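Here's the structure we're looking at; comments come further down.
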Amino acid sequence: MRRTSTLAATAALTPLLVLGLAACGQSTGGATADAQPESGPVTISYGIWDKNQVPAMQKIADEFHAANPNVTVKIQVTPFKQYFTTLQTAAAGGGAPDVFWMNGPNVKLYAANQQLLPLDQTISRAKLDLAKYPEALVDLYTYDGKRYGIPKDFDTIGVWYNKALFDAKKLAYPKDTWTWADFQSAARALTDKTKGVYGAAAPVEDQAGFYDTIPSAGGQVIDAAGTKSGFDSPEALQGIEFWTSLVKDGASPTVQQMTDTSPGDMFKAGKVAMYWNGSWAAVEYSDVPELKDAVNVAPVPAGPKGQVSVIHGLGNVIYAKTKHQDAAQKFVGFLGGERAAQIQADAGAVIPAYEGTQEAWVKSMPQFNLKAYVDEVATAVPYPASKNTKAWTTLQTDLLTKVWNGEVDAATGLKDLATQMNAALAKEK
Amino acid sequence: MAGVLTDREQASGTVGATAPAGSSSGSGSRGDTPAPGRRPGRPGRSHQPGRGMSRMRRNDLFWAAVFILPTLLGLVVFYLWPVVRTLLISFTETGPFGGSEFVGLANYRELFGDARLWETMLNTVKFTVVALLGIPVALVIAALLSTEGLRGVRIYRVLYFLPVVTMPAAVGLIWRTLYNGDVGVINALLGLVGIEGTNWLSNPATALYAIAAVGIWLSLGTQIVIFLAAIQGVPKDLYEAAALDGAGRIRQFWSITLPQISPSVFFISVLAVIGALQTFDLIFVMTGPTNPAYPQTETIVAQFYQRGFVENQQGYAAAIALVILVVIVAVTALQFRLQKKWVHYV
């Protein structure tokens, strides 16, 4: 008996191990001193998360090494799921890669906590012209007036559609100039309850969803300074109702259905006729033989304030505590140049951010109207982000799911969301 | 007995002490306040509490210390230190890259005022209650499996035990497809008998119970194996005597098997409660924040994860962790008290 009770008591203590939060590391000071050129060969590390892009990145690293024989670049791949957790731990311990990929939701968190090197010197040394990148992306990597990342690539949002389902209803395919009204009426016309086909999918989705429709209606998710929520505006309400009305009318599957089966899978299975998705989806659809010629893409439909897509893209950043500032600056300068962009364009996979290098990507999958994605850059808005983006995107998911589900009416839900989001934003300071 | 129970620490700290005379009483120091704090020189069975220590005793103590040391070190480094750290962090606001600021009880004040804490706590309690229903099921199966002369017992045992050795995350994914509202197997089967199923995992009314059912299925194997072993330890002559007295199989189960294996039942129930209170992986894999039923399924550990590792509020998360710890210790202590009423140690 005694053994059993001891075992049980030990088990009672086990949560301590699981729940023990051992946060380590010290606070940091930003390193802004001038980079000292080093004598002798150095090796710098380059942290990335997409293993499909390793060949292109390696090629860039090799060409850089050829031009700078003293600097060798070692690429470190961490899968995206663990990337930011690992990076955060490494940065707290002082051991993040010298140069690494950054994304929109995280850049301000890292910049505000002095984990990134301001890049003004890098830009001037490499003579980079920031006008060569989409403006919204340059803004995304700007914090407190300083540049922290050089845009690497970008993605915008388009509407993918199933041609066979349009043909079945004898409907014309979406035009590049279509409007919200066109989209809504097509969604209703394409819905066929008996076949289990829905005209569109309206999931609780930010990037390929209300982050596009809210600005299309003239609203914003967060103000430019990243300090105030825009969800309580009439325009935001319009941008949200664009989606909820589809669910209400049965032109889209319900939230519950889309929770059980992802809307992307429904689209691929021919159960959803129109599906908003990012430019990253092109490769995926192009790789599936049954989809390759069955689907195509149109730009997002124009709302009251025109055709607006959200733009997001990765940036190359330098770790503030890098021991090889000079080499890291040179490498990021090279990454930001036209040659590196060209290498990425030739490899496909992503749209390079550097002006004029997108053509190769558009031509890489000629069966799709990929030009739609590139043309949207002119009117695109930056991906909404603040210092601790995750704190309010959680609220966003929580509260908007209730709105979608009909538990809360849209106007009340959005007002709640704005209030709670503002409280979360106030805590960031 | 009431006299013993007045001293709380005593009651939760000494399990065997109030057990019937003749049992192994006096097991003074136990888990919840680990060894070092307790007086090591507690009298053994026949020793009189002597004033000084004999040489042999001191020698014993030395060797005991040597043998305990490795475990103790592990305990201190991996259990106790994290607990202390967690306690300290819970009084701070800790940044995502380290660097913390002392904020006193602010995290706790915010925590107890947060409706989400109570909601997730309620979800956790509901989940735990449902999970406990698995114990009677396991008992019955174990009793049936120990039927004299049953063929293929080993195969059954393996079948029941199989879920235990699979990863909860993988199990969660498989069950998600089974529960799928549109194309799931469960709804297809229900459809055969004319019942229209629901979106089990995204319907707020069913999600928690659907997940708890999987939790039961996962833990059934361990419970059955332990019960089987316990049942096999029950002396056969008891059954023979009962049979002579005319007791049937069901009566034998209630009057012999159950009391005889009650220590195992107690052990399992303690483990099951703790396991259920800490549930995270199943919930995380089977629902997740975008699920409309998430508010009804999010457990307190999931909330801890969300705050600490998604929203970067480590101080607040540490406070949640300590609340969980206190709840688990309290519930376990309560179970140890209640056991005196129904657990029979032979």
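Starting from 1 in every chain, residues are counted up; chains themselves are A, B, ... following the order of the structure tokens, and ligands are numbered from 1 as listed.
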Leaving out Asn68 (chain A) and any residue of its chain fewer than 2 positions from it, which residues lie within 10 Å of it when counting only C-alpha atoms, given as a PyMOL selection string?
chain A and resi 41+62-66+70-72+327+330-331
Residue selection dump (N, CA, C and O atoms) as a PDB file, in the first residue's frame:
ATOM      1  N   PRO A  41      39.003  35.289 -42.116  1.00  0.00           N
ATOM      2  CA  PRO A  41      37.713  34.738 -42.541  1.00  0.00           C
ATOM      3  C   PRO A  41      36.725  34.612 -41.381  1.00  0.00           C
ATOM      4  O   PRO A  41      37.123  34.273 -40.263  1.00  0.00           O
ATOM      5  N   ASP A  62      26.355  31.325 -51.891  1.00  0.00           N
ATOM      6  CA  ASP A  62      27.562  30.981 -52.649  1.00  0.00           C
ATOM      7  C   ASP A  62      28.066  32.173 -53.457  1.00  0.00           C
ATOM      8  O   ASP A  62      29.260  32.461 -53.480  1.00  0.00           O
ATOM      9  N   GLU A  63      27.120  32.848 -54.126  1.00  0.00           N
ATOM     10  CA  GLU A  63      27.543  34.011 -54.928  1.00  0.00           C
ATOM     11  C   GLU A  63      28.095  35.109 -54.031  1.00  0.00           C
ATOM     12  O   GLU A  63      29.045  35.813 -54.398  1.00  0.00           O
ATOM     13  N   PHE A  64      27.493  35.235 -52.858  1.00  0.00           N
ATOM     14  CA  PHE A  64      27.993  36.236 -51.908  1.00  0.00           C
ATOM     15  C   PHE A  64      29.409  35.890 -51.466  1.00  0.00           C
ATOM     16  O   PHE A  64      30.281  36.751 -51.382  1.00  0.00           O
ATOM     17  N   HIS A  65      29.621  34.609 -51.218  1.00  0.00           N
ATOM     18  CA  HIS A  65      30.943  34.152 -50.784  1.00  0.00           C
ATOM     19  C   HIS A  65      31.985  34.385 -51.885  1.00  0.00           C
ATOM     20  O   HIS A  65      33.124  34.759 -51.614  1.00  0.00           O
ATOM     21  N   ALA A  66      31.569  34.180 -53.124  1.00  0.00           N
ATOM     22  CA  ALA A  66      32.487  34.398 -54.238  1.00  0.00           C
ATOM     23  C   ALA A  66      32.927  35.855 -54.296  1.00  0.00           C
ATOM     24  O   ALA A  66      34.088  36.163 -54.599  1.00  0.00           O
ATOM     25  N   ASN A  70      36.089  36.287 -47.737  1.00  0.00           N
ATOM     26  CA  ASN A  70      36.352  36.214 -46.304  1.00  0.00           C
ATOM     27  C   ASN A  70      35.137  35.792 -45.489  1.00  0.00           C
ATOM     28  O   ASN A  70      35.249  35.477 -44.316  1.00  0.00           O
ATOM     29  N   VAL A  71      33.956  35.842 -46.104  1.00  0.00           N
ATOM     30  CA  VAL A  71      32.732  35.560 -45.351  1.00  0.00           C
ATOM     31  C   VAL A  71      32.036  34.316 -45.898  1.00  0.00           C
ATOM     32  O   VAL A  71      31.748  34.228 -47.087  1.00  0.00           O
ATOM     33  N   THR A  72      31.819  33.352 -45.010  1.00  0.00           N
ATOM     34  CA  THR A  72      31.067  32.144 -45.377  1.00  0.00           C
ATOM     35  C   THR A  72      29.718  32.210 -44.680  1.00  0.00           C
ATOM     36  O   THR A  72      29.636  32.562 -43.497  1.00  0.00           O
ATOM     37  N   ALA A 327      30.177  41.716 -41.460  1.00  0.00           N
ATOM     38  CA  ALA A 327      29.851  40.668 -42.430  1.00  0.00           C
ATOM     39  C   ALA A 327      28.341  40.558 -42.601  1.00  0.00           C
ATOM     40  O   ALA A 327      27.839  40.410 -43.722  1.00  0.00           O
ATOM     41  N   LYS A 330      27.041  43.324 -44.772  1.00  0.00           N
ATOM     42  CA  LYS A 330      27.351  43.088 -46.189  1.00  0.00           C
ATOM     43  C   LYS A 330      26.390  42.067 -46.787  1.00  0.00           C
ATOM     44  O   LYS A 330      25.894  42.225 -47.895  1.00  0.00           O
ATOM     45  N   PHE A 331      26.138  41.005 -46.021  1.00  0.00           N
ATOM     46  CA  PHE A 331      25.285  39.930 -46.536  1.00  0.00           C
ATOM     47  C   PHE A 331      23.848  40.427 -46.730  1.00  0.00           C
ATOM     48  O   PHE A 331      23.230  40.159 -47.763  1.00  0.00           O
TER      49      PHE A 331
END
Rows by chain and residue number, chain B within 6 Å of chain A, shortest pair, only C-alpha atoms, as CSV:
residue,atom,partner,partner_atom,distance
B:Gly31,CA,A:Ala9,CA,5.4
B:Tyr79,CA,A:Leu17,CA,5.2
B:Pro82,CA,A:Gly20,CA,4.6
B:Val83,CA,A:Gly20,CA,5.6
B:Thr86,CA,A:Leu21,CA,5.5
B:Phe97,CA,A:Ala92,CA,4.5
B:Gly98,CA,A:Gly25,CA,5.3
B:Gly99,CA,A:Ser27,CA,4.4
B:Asn180,CA,A:Asp260,CA,5.3
B:Ser202,CA,A:Gln256,CA,5.1
B:Asn291,CA,A:Thr259,CA,6.0
B:Pro292,CA,A:Thr401,CA,5.9
B:Glu311,CA,A:Ala391,CA,4.7
B:Ala321,CA,A:Leu19,CA,5.9
Fewer than 5 positions away in the same chain doesn't count, so skip those; otherwise give me all residues within 12 Å of Thr128 (chain B), counting only C-alpha atoms, as a PDB file with all heavy atoms, in the first residue's frame.
ATOM      1  N   MET B 121     -11.605  26.848 -15.778  1.00  0.00           N
ATOM      2  CA  MET B 121     -11.612  25.970 -14.610  1.00  0.00           C
ATOM      3  C   MET B 121     -12.842  25.065 -14.660  1.00  0.00           C
ATOM      4  O   MET B 121     -12.756  23.860 -14.420  1.00  0.00           O
ATOM      5  CB  MET B 121     -11.644  26.833 -13.341  1.00  0.00           C
ATOM      6  CG  MET B 121     -11.266  26.095 -12.100  1.00  0.00           C
ATOM      7  SD  MET B 121      -9.501  26.185 -11.837  1.00  0.00           S
ATOM      8  CE  MET B 121      -9.404  27.555 -10.709  1.00  0.00           C
ATOM      9  N   LEU B 122     -13.984  25.672 -14.985  1.00  0.00           N
ATOM     10  CA  LEU B 122     -15.225  24.906 -15.063  1.00  0.00           C
ATOM     11  C   LEU B 122     -15.120  23.834 -16.153  1.00  0.00           C
ATOM     12  O   LEU B 122     -15.510  22.678 -15.943  1.00  0.00           O
ATOM     13  CB  LEU B 122     -16.395  25.851 -15.356  1.00  0.00           C
ATOM     14  CG  LEU B 122     -17.781  25.201 -15.368  1.00  0.00           C
ATOM     15  CD1 LEU B 122     -18.154  24.753 -13.961  1.00  0.00           C
ATOM     16  CD2 LEU B 122     -18.828  26.168 -15.909  1.00  0.00           C
ATOM     17  N   ASN B 123     -14.566  24.221 -17.298  1.00  0.00           N
ATOM     18  CA  ASN B 123     -14.364  23.235 -18.368  1.00  0.00           C
ATOM     19  C   ASN B 123     -13.504  22.077 -17.870  1.00  0.00           C
ATOM     20  O   ASN B 123     -13.787  20.913 -18.141  1.00  0.00           O
ATOM     21  CB  ASN B 123     -13.644  23.876 -19.559  1.00  0.00           C
ATOM     22  CG  ASN B 123     -14.521  24.859 -20.301  1.00  0.00           C
ATOM     23  OD1 ASN B 123     -15.749  24.828 -20.162  1.00  0.00           O
ATOM     24  ND2 ASN B 123     -13.908  25.737 -21.065  1.00  0.00           N
ATOM     25  N   LEU B 133     -15.552   8.734 -15.227  1.00  0.00           N
ATOM     26  CA  LEU B 133     -16.519   7.686 -15.574  1.00  0.00           C
ATOM     27  C   LEU B 133     -15.823   6.502 -16.225  1.00  0.00           C
ATOM     28  O   LEU B 133     -16.381   5.404 -16.284  1.00  0.00           O
ATOM     29  CB  LEU B 133     -17.580   8.241 -16.527  1.00  0.00           C
ATOM     30  CG  LEU B 133     -18.491   9.327 -15.931  1.00  0.00           C
ATOM     31  CD1 LEU B 133     -19.478   9.807 -16.968  1.00  0.00           C
ATOM     32  CD2 LEU B 133     -19.228   8.768 -14.714  1.00  0.00           C
ATOM     33  N   GLY B 134     -14.611   6.722 -16.697  1.00  0.00           N
ATOM     34  CA  GLY B 134     -13.868   5.625 -17.314  1.00  0.00           C
ATOM     35  C   GLY B 134     -13.480   4.555 -16.308  1.00  0.00           C
ATOM     36  O   GLY B 134     -13.301   3.384 -16.668  1.00  0.00           O
ATOM     37  N   ILE B 135     -13.354   4.932 -15.024  1.00  0.00           N
ATOM     38  CA  ILE B 135     -12.888   3.963 -14.023  1.00  0.00           C
ATOM     39  C   ILE B 135     -13.864   2.790 -13.837  1.00  0.00           C
ATOM     40  O   ILE B 135     -13.441   1.642 -13.913  1.00  0.00           O
ATOM     41  CB  ILE B 135     -12.577   4.679 -12.690  1.00  0.00           C
ATOM     42  CG1 ILE B 135     -11.401   5.633 -12.927  1.00  0.00           C
ATOM     43  CG2 ILE B 135     -12.255   3.683 -11.592  1.00  0.00           C
ATOM     44  CD1 ILE B 135     -11.002   6.426 -11.719  1.00  0.00           C
ATOM     45  N   LEU B 208     -16.778  19.104 -25.652  1.00  0.00           N
ATOM     46  CA  LEU B 208     -16.019  18.698 -24.467  1.00  0.00           C
ATOM     47  C   LEU B 208     -16.219  17.209 -24.177  1.00  0.00           C
ATOM     48  O   LEU B 208     -15.281  16.495 -23.833  1.00  0.00           O
ATOM     49  CB  LEU B 208     -16.444  19.544 -23.262  1.00  0.00           C
ATOM     50  CG  LEU B 208     -15.615  19.321 -22.010  1.00  0.00           C
ATOM     51  CD1 LEU B 208     -14.233  19.912 -22.175  1.00  0.00           C
ATOM     52  CD2 LEU B 208     -16.290  19.935 -20.795  1.00  0.00           C
ATOM     53  N   TYR B 209     -17.452  16.748 -24.334  1.00  0.00           N
ATOM     54  CA  TYR B 209     -17.752  15.350 -24.010  1.00  0.00           C
ATOM     55  C   TYR B 209     -17.155  14.416 -25.062  1.00  0.00           C
ATOM     56  O   TYR B 209     -16.701  13.317 -24.743  1.00  0.00           O
ATOM     57  CB  TYR B 209     -19.263  15.163 -23.867  1.00  0.00           C
ATOM     58  CG  TYR B 209     -19.810  16.127 -22.840  1.00  0.00           C
ATOM     59  CD1 TYR B 209     -20.474  17.278 -23.222  1.00  0.00           C
ATOM     60  CD2 TYR B 209     -19.569  15.915 -21.480  1.00  0.00           C
ATOM     61  CE1 TYR B 209     -20.916  18.200 -22.270  1.00  0.00           C
ATOM     62  CE2 TYR B 209     -19.993  16.829 -20.530  1.00  0.00           C
ATOM     63  CZ  TYR B 209     -20.668  17.972 -20.932  1.00  0.00           C
ATOM     64  OH  TYR B 209     -21.074  18.875 -19.990  1.00  0.00           O
ATOM     65  N   ILE B 211     -14.427  14.955 -26.640  1.00  0.00           N
ATOM     66  CA  ILE B 211     -12.994  14.853 -26.346  1.00  0.00           C
ATOM     67  C   ILE B 211     -12.767  13.982 -25.114  1.00  0.00           C
ATOM     68  O   ILE B 211     -11.858  13.147 -25.077  1.00  0.00           O
ATOM     69  CB  ILE B 211     -12.380  16.247 -26.130  1.00  0.00           C
ATOM     70  CG1 ILE B 211     -12.535  17.078 -27.403  1.00  0.00           C
ATOM     71  CG2 ILE B 211     -10.909  16.139 -25.765  1.00  0.00           C
ATOM     72  CD1 ILE B 211     -12.219  18.533 -27.205  1.00  0.00           C
ATOM     73  N   ALA B 212     -13.624  14.159 -24.100  1.00  0.00           N
ATOM     74  CA  ALA B 212     -13.466  13.373 -22.877  1.00  0.00           C
ATOM     75  C   ALA B 212     -13.608  11.884 -23.184  1.00  0.00           C
ATOM     76  O   ALA B 212     -12.925  11.044 -22.589  1.00  0.00           O
ATOM     77  CB  ALA B 212     -14.482  13.811 -21.832  1.00  0.00           C
ATOM     78  N   ALA B 213     -14.493  11.552 -24.118  1.00  0.00           N
ATOM     79  CA  ALA B 213     -14.660  10.152 -24.494  1.00  0.00           C
ATOM     80  C   ALA B 213     -13.348   9.594 -25.048  1.00  0.00           C
ATOM     81  O   ALA B 213     -12.956   8.468 -24.730  1.00  0.00           O
ATOM     82  CB  ALA B 213     -15.776  10.010 -25.528  1.00  0.00           C
ATOM     83  N   GLY B 215     -10.449  10.753 -24.281  1.00  0.00           N
ATOM     84  CA  GLY B 215      -9.563  10.685 -23.118  1.00  0.00           C
ATOM     85  C   GLY B 215      -9.746   9.379 -22.364  1.00  0.00           C
ATOM     86  O   GLY B 215      -8.780   8.729 -21.958  1.00  0.00           O
ATOM     87  N   ILE B 216     -10.997   8.982 -22.195  1.00  0.00           N
ATOM     88  CA  ILE B 216     -11.293   7.725 -21.506  1.00  0.00           C
ATOM     89  C   ILE B 216     -10.718   6.550 -22.293  1.00  0.00           C
ATOM     90  O   ILE B 216     -10.030   5.683 -21.762  1.00  0.00           O
ATOM     91  CB  ILE B 216     -12.815   7.545 -21.343  1.00  0.00           C
ATOM     92  CG1 ILE B 216     -13.352   8.566 -20.336  1.00  0.00           C
ATOM     93  CG2 ILE B 216     -13.155   6.126 -20.895  1.00  0.00           C
ATOM     94  CD1 ILE B 216     -14.838   8.521 -20.162  1.00  0.00           C
ATOM     95  N   SER B 269      -7.777   6.356  -9.340  1.00  0.00           N
ATOM     96  CA  SER B 269      -8.603   7.560  -9.351  1.00  0.00           C
ATOM     97  C   SER B 269      -7.751   8.802  -9.077  1.00  0.00           C
ATOM     98  O   SER B 269      -7.986   9.860  -9.654  1.00  0.00           O
ATOM     99  CB  SER B 269      -9.765   7.447  -8.367  1.00  0.00           C
ATOM    100  OG  SER B 269      -9.263   7.335  -7.057  1.00  0.00           O
ATOM    101  N   VAL B 270      -6.736   8.646  -8.234  1.00  0.00           N
ATOM    102  CA  VAL B 270      -5.837   9.786  -7.996  1.00  0.00           C
ATOM    103  C   VAL B 270      -5.125  10.158  -9.298  1.00  0.00           C
ATOM    104  O   VAL B 270      -5.086  11.321  -9.711  1.00  0.00           O
ATOM    105  CB  VAL B 270      -4.812   9.456  -6.891  1.00  0.00           C
ATOM    106  CG1 VAL B 270      -3.726  10.532  -6.841  1.00  0.00           C
ATOM    107  CG2 VAL B 270      -5.497   9.366  -5.554  1.00  0.00           C
ATOM    108  N   LEU B 271      -4.607   9.156  -9.968  1.00  0.00           N
ATOM    109  CA  LEU B 271      -3.907   9.412 -11.233  1.00  0.00           C
ATOM    110  C   LEU B 271      -4.840  10.009 -12.280  1.00  0.00           C
ATOM    111  O   LEU B 271      -4.479  10.931 -13.001  1.00  0.00           O
ATOM    112  CB  LEU B 271      -3.318   8.108 -11.781  1.00  0.00           C
ATOM    113  CG  LEU B 271      -2.037   7.606 -11.147  1.00  0.00           C
ATOM    114  CD1 LEU B 271      -1.495   6.446 -11.976  1.00  0.00           C
ATOM    115  CD2 LEU B 271      -1.001   8.703 -11.069  1.00  0.00           C
ATOM    116  N   ALA B 272      -6.056   9.460 -12.350  1.00  0.00           N
ATOM    117  CA  ALA B 272      -6.988   9.914 -13.379  1.00  0.00           C
ATOM    118  C   ALA B 272      -7.374  11.373 -13.153  1.00  0.00           C
ATOM    119  O   ALA B 272      -7.457  12.158 -14.106  1.00  0.00           O
ATOM    120  CB  ALA B 272      -8.238   9.029 -13.375  1.00  0.00           C
ATOM    121  N   VAL B 273      -7.585  11.724 -11.904  1.00  0.00           N
ATOM    122  CA  VAL B 273      -7.963  13.113 -11.620  1.00  0.00           C
ATOM    123  C   VAL B 273      -6.825  14.058 -11.989  1.00  0.00           C
ATOM    124  O   VAL B 273      -7.029  15.070 -12.663  1.00  0.00           O
ATOM    125  CB  VAL B 273      -8.340  13.275 -10.126  1.00  0.00           C
ATOM    126  CG1 VAL B 273      -8.418  14.742  -9.764  1.00  0.00           C
ATOM    127  CG2 VAL B 273      -9.660  12.597  -9.849  1.00  0.00           C
ATOM    128  N   ILE B 274      -5.625  13.681 -11.594  1.00  0.00           N
ATOM    129  CA  ILE B 274      -4.483  14.553 -11.903  1.00  0.00           C
ATOM    130  C   ILE B 274      -4.295  14.670 -13.410  1.00  0.00           C
ATOM    131  O   ILE B 274      -4.111  15.752 -13.953  1.00  0.00           O
ATOM    132  CB  ILE B 274      -3.201  14.022 -11.232  1.00  0.00           C
ATOM    133  CG1 ILE B 274      -3.341  14.152  -9.718  1.00  0.00           C
ATOM    134  CG2 ILE B 274      -1.979  14.784 -11.711  1.00  0.00           C
ATOM    135  CD1 ILE B 274      -2.275  13.431  -8.945  1.00  0.00           C
ATOM    136  N   GLY B 275      -4.386  13.516 -14.087  1.00  0.00           N
ATOM    137  CA  GLY B 275      -4.229  13.533 -15.542  1.00  0.00           C
ATOM    138  C   GLY B 275      -5.274  14.411 -16.212  1.00  0.00           C
ATOM    139  O   GLY B 275      -4.961  15.193 -17.102  1.00  0.00           O
ATOM    140  N   ALA B 276      -6.512  14.294 -15.739  1.00  0.00           N
ATOM    141  CA  ALA B 276      -7.590  15.061 -16.359  1.00  0.00           C
ATOM    142  C   ALA B 276      -7.428  16.552 -16.085  1.00  0.00           C
ATOM    143  O   ALA B 276      -7.667  17.386 -16.960  1.00  0.00           O
ATOM    144  CB  ALA B 276      -8.942  14.570 -15.843  1.00  0.00           C
ATOM    145  N   LEU B 277      -6.984  16.883 -14.884  1.00  0.00           N
ATOM    146  CA  LEU B 277      -6.807  18.303 -14.554  1.00  0.00           C
ATOM    147  C   LEU B 277      -5.702  18.937 -15.394  1.00  0.00           C
ATOM    148  O   LEU B 277      -5.673  20.135 -15.600  1.00  0.00           O
ATOM    149  CB  LEU B 277      -6.479  18.472 -13.065  1.00  0.00           C
ATOM    150  CG  LEU B 277      -7.625  18.228 -12.089  1.00  0.00           C
ATOM    151  CD1 LEU B 277      -7.124  18.294 -10.654  1.00  0.00           C
ATOM    152  CD2 LEU B 277      -8.745  19.228 -12.288  1.00  0.00           C
ATOM    153  N   GLN B 278      -4.793  18.102 -15.873  1.00  0.00           N
ATOM    154  CA  GLN B 278      -3.682  18.635 -16.669  1.00  0.00           C
ATOM    155  C   GLN B 278      -3.898  18.491 -18.165  1.00  0.00           C
ATOM    156  O   GLN B 278      -2.982  18.721 -18.943  1.00  0.00           O
ATOM    157  CB  GLN B 278      -2.393  17.902 -16.326  1.00  0.00           C
ATOM    158  CG  GLN B 278      -1.899  18.173 -14.949  1.00  0.00           C
ATOM    159  CD  GLN B 278      -0.634  17.387 -14.691  1.00  0.00           C
ATOM    160  OE1 GLN B 278       0.195  17.213 -15.557  1.00  0.00           O
ATOM    161  NE2 GLN B 278      -0.497  16.906 -13.482  1.00  0.00           N
ATOM    162  N   THR B 279      -5.081  18.078 -18.574  1.00  0.00           N
ATOM    163  CA  THR B 279      -5.298  17.807 -19.994  1.00  0.00           C
ATOM    164  C   THR B 279      -4.974  19.012 -20.850  1.00  0.00           C
ATOM    165  O   THR B 279      -5.404  20.120 -20.572  1.00  0.00           O
ATOM    166  CB  THR B 279      -6.755  17.409 -20.234  1.00  0.00           C
ATOM    167  OG1 THR B 279      -7.009  16.267 -19.468  1.00  0.00           O
ATOM    168  CG2 THR B 279      -6.983  17.109 -21.703  1.00  0.00           C
ATOM    169  N   THR B 297     -14.338  24.332 -24.445  1.00  0.00           N
ATOM    170  CA  THR B 297     -13.419  23.202 -24.275  1.00  0.00           C
ATOM    171  C   THR B 297     -12.048  23.603 -23.736  1.00  0.00           C
ATOM    172  O   THR B 297     -11.293  22.760 -23.298  1.00  0.00           O
ATOM    173  CB  THR B 297     -13.177  22.463 -25.613  1.00  0.00           C
ATOM    174  OG1 THR B 297     -12.631  23.393 -26.539  1.00  0.00           O
ATOM    175  CG2 THR B 297     -14.444  21.860 -26.160  1.00  0.00           C
ATOM    176  N   THR B 299      -9.171  24.155 -21.600  1.00  0.00           N
ATOM    177  CA  THR B 299      -8.895  23.814 -20.207  1.00  0.00           C
ATOM    178  C   THR B 299      -7.932  24.846 -19.624  1.00  0.00           C
ATOM    179  O   THR B 299      -7.383  25.682 -20.334  1.00  0.00           O
ATOM    180  CB  THR B 299      -8.222  22.434 -20.091  1.00  0.00           C
ATOM    181  OG1 THR B 299      -7.062  22.437 -20.920  1.00  0.00           O
ATOM    182  CG2 THR B 299      -9.158  21.337 -20.498  1.00  0.00           C
ATOM    183  N   ILE B 300      -7.727  24.738 -18.339  1.00  0.00           N
ATOM    184  CA  ILE B 300      -6.900  25.739 -17.678  1.00  0.00           C
ATOM    185  C   ILE B 300      -5.441  25.632 -18.123  1.00  0.00           C
ATOM    186  O   ILE B 300      -4.752  26.641 -18.255  1.00  0.00           O
ATOM    187  CB  ILE B 300      -7.065  25.641 -16.152  1.00  0.00           C
ATOM    188  CG1 ILE B 300      -6.344  26.805 -15.480  1.00  0.00           C
ATOM    189  CG2 ILE B 300      -6.617  24.322 -15.597  1.00  0.00           C
ATOM    190  CD1 ILE B 300      -6.966  27.237 -14.223  1.00  0.00           C
ATOM    191  N   ILE B 328      -4.515  21.087  -7.792  1.00  0.00           N
ATOM    192  CA  ILE B 328      -4.203  19.660  -7.869  1.00  0.00           C
ATOM    193  C   ILE B 328      -3.795  19.114  -6.508  1.00  0.00           C
ATOM    194  O   ILE B 328      -4.259  18.049  -6.086  1.00  0.00           O
ATOM    195  CB  ILE B 328      -3.094  19.400  -8.916  1.00  0.00           C
ATOM    196  CG1 ILE B 328      -3.657  19.630 -10.316  1.00  0.00           C
ATOM    197  CG2 ILE B 328      -2.554  17.980  -8.798  1.00  0.00           C
ATOM    198  CD1 ILE B 328      -2.665  19.425 -11.427  1.00  0.00           C
ATOM    199  N   VAL B 331      -7.003  18.897  -4.340  1.00  0.00           N
ATOM    200  CA  VAL B 331      -7.892  17.801  -4.712  1.00  0.00           C
ATOM    201  C   VAL B 331      -7.285  16.460  -4.301  1.00  0.00           C
ATOM    202  O   VAL B 331      -7.971  15.583  -3.777  1.00  0.00           O
ATOM    203  CB  VAL B 331      -8.169  17.818  -6.238  1.00  0.00           C
ATOM    204  CG1 VAL B 331      -8.879  16.554  -6.673  1.00  0.00           C
ATOM    205  CG2 VAL B 331      -8.994  19.036  -6.601  1.00  0.00           C
TER     206      VAL B 331
END
d(CA of Ser39 (chain A), CA of Ala341 (chain A)) in Å:
28.9 Å
Two-atom distance - CA of Glu196 (chain B), CA of Val125 (chain B) (Å):
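Between these atoms lies a distance of 29.0 Å.
Proximity of B:Gln260, B:Gln252, B:Ser146, B:Thr332 to Val225 (chain B), computed with only C-alpha atoms, is greatest for B:Ser146.
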If you count only C-alpha atoms, which residues fall within 6 Å of Pro299 (chain A), apart from same-chain ones fewer than 6 positions away, as a list in words?
Gly158, Val159, Asp176 and Ala372 of chain A
Write out as a list in words which residues come within 9 Å of Ala411 (chain A) when counting only C-alpha atoms, dropping same-chain ones fewer than 6 positions away.
Asp232, Pro234, Leu237 and Val403 of chain A
Selected residues written out with N, CA and C atoms, as a tab-separated table (two decimals), in the first residue's frame:
chain	number	residue	atom	x	y	z
A	232	ASP	N	-13.92	49.11	-34.55
A	232	ASP	CA	-15.22	49.67	-34.19
A	232	ASP	C	-15.72	50.71	-35.19
A	234	PRO	N	-17.57	51.93	-38.85
A	234	PRO	CA	-18.62	51.41	-39.75
A	234	PRO	C	-18.01	50.68	-40.94
A	237	LEU	N	-17.15	47.19	-39.97
A	237	LEU	CA	-18.40	46.41	-39.91
A	237	LEU	C	-18.78	45.92	-41.30
A	403	VAL	N	-19.07	36.15	-33.65
A	403	VAL	CA	-19.84	36.93	-34.62
A	403	VAL	C	-20.24	36.05	-35.80
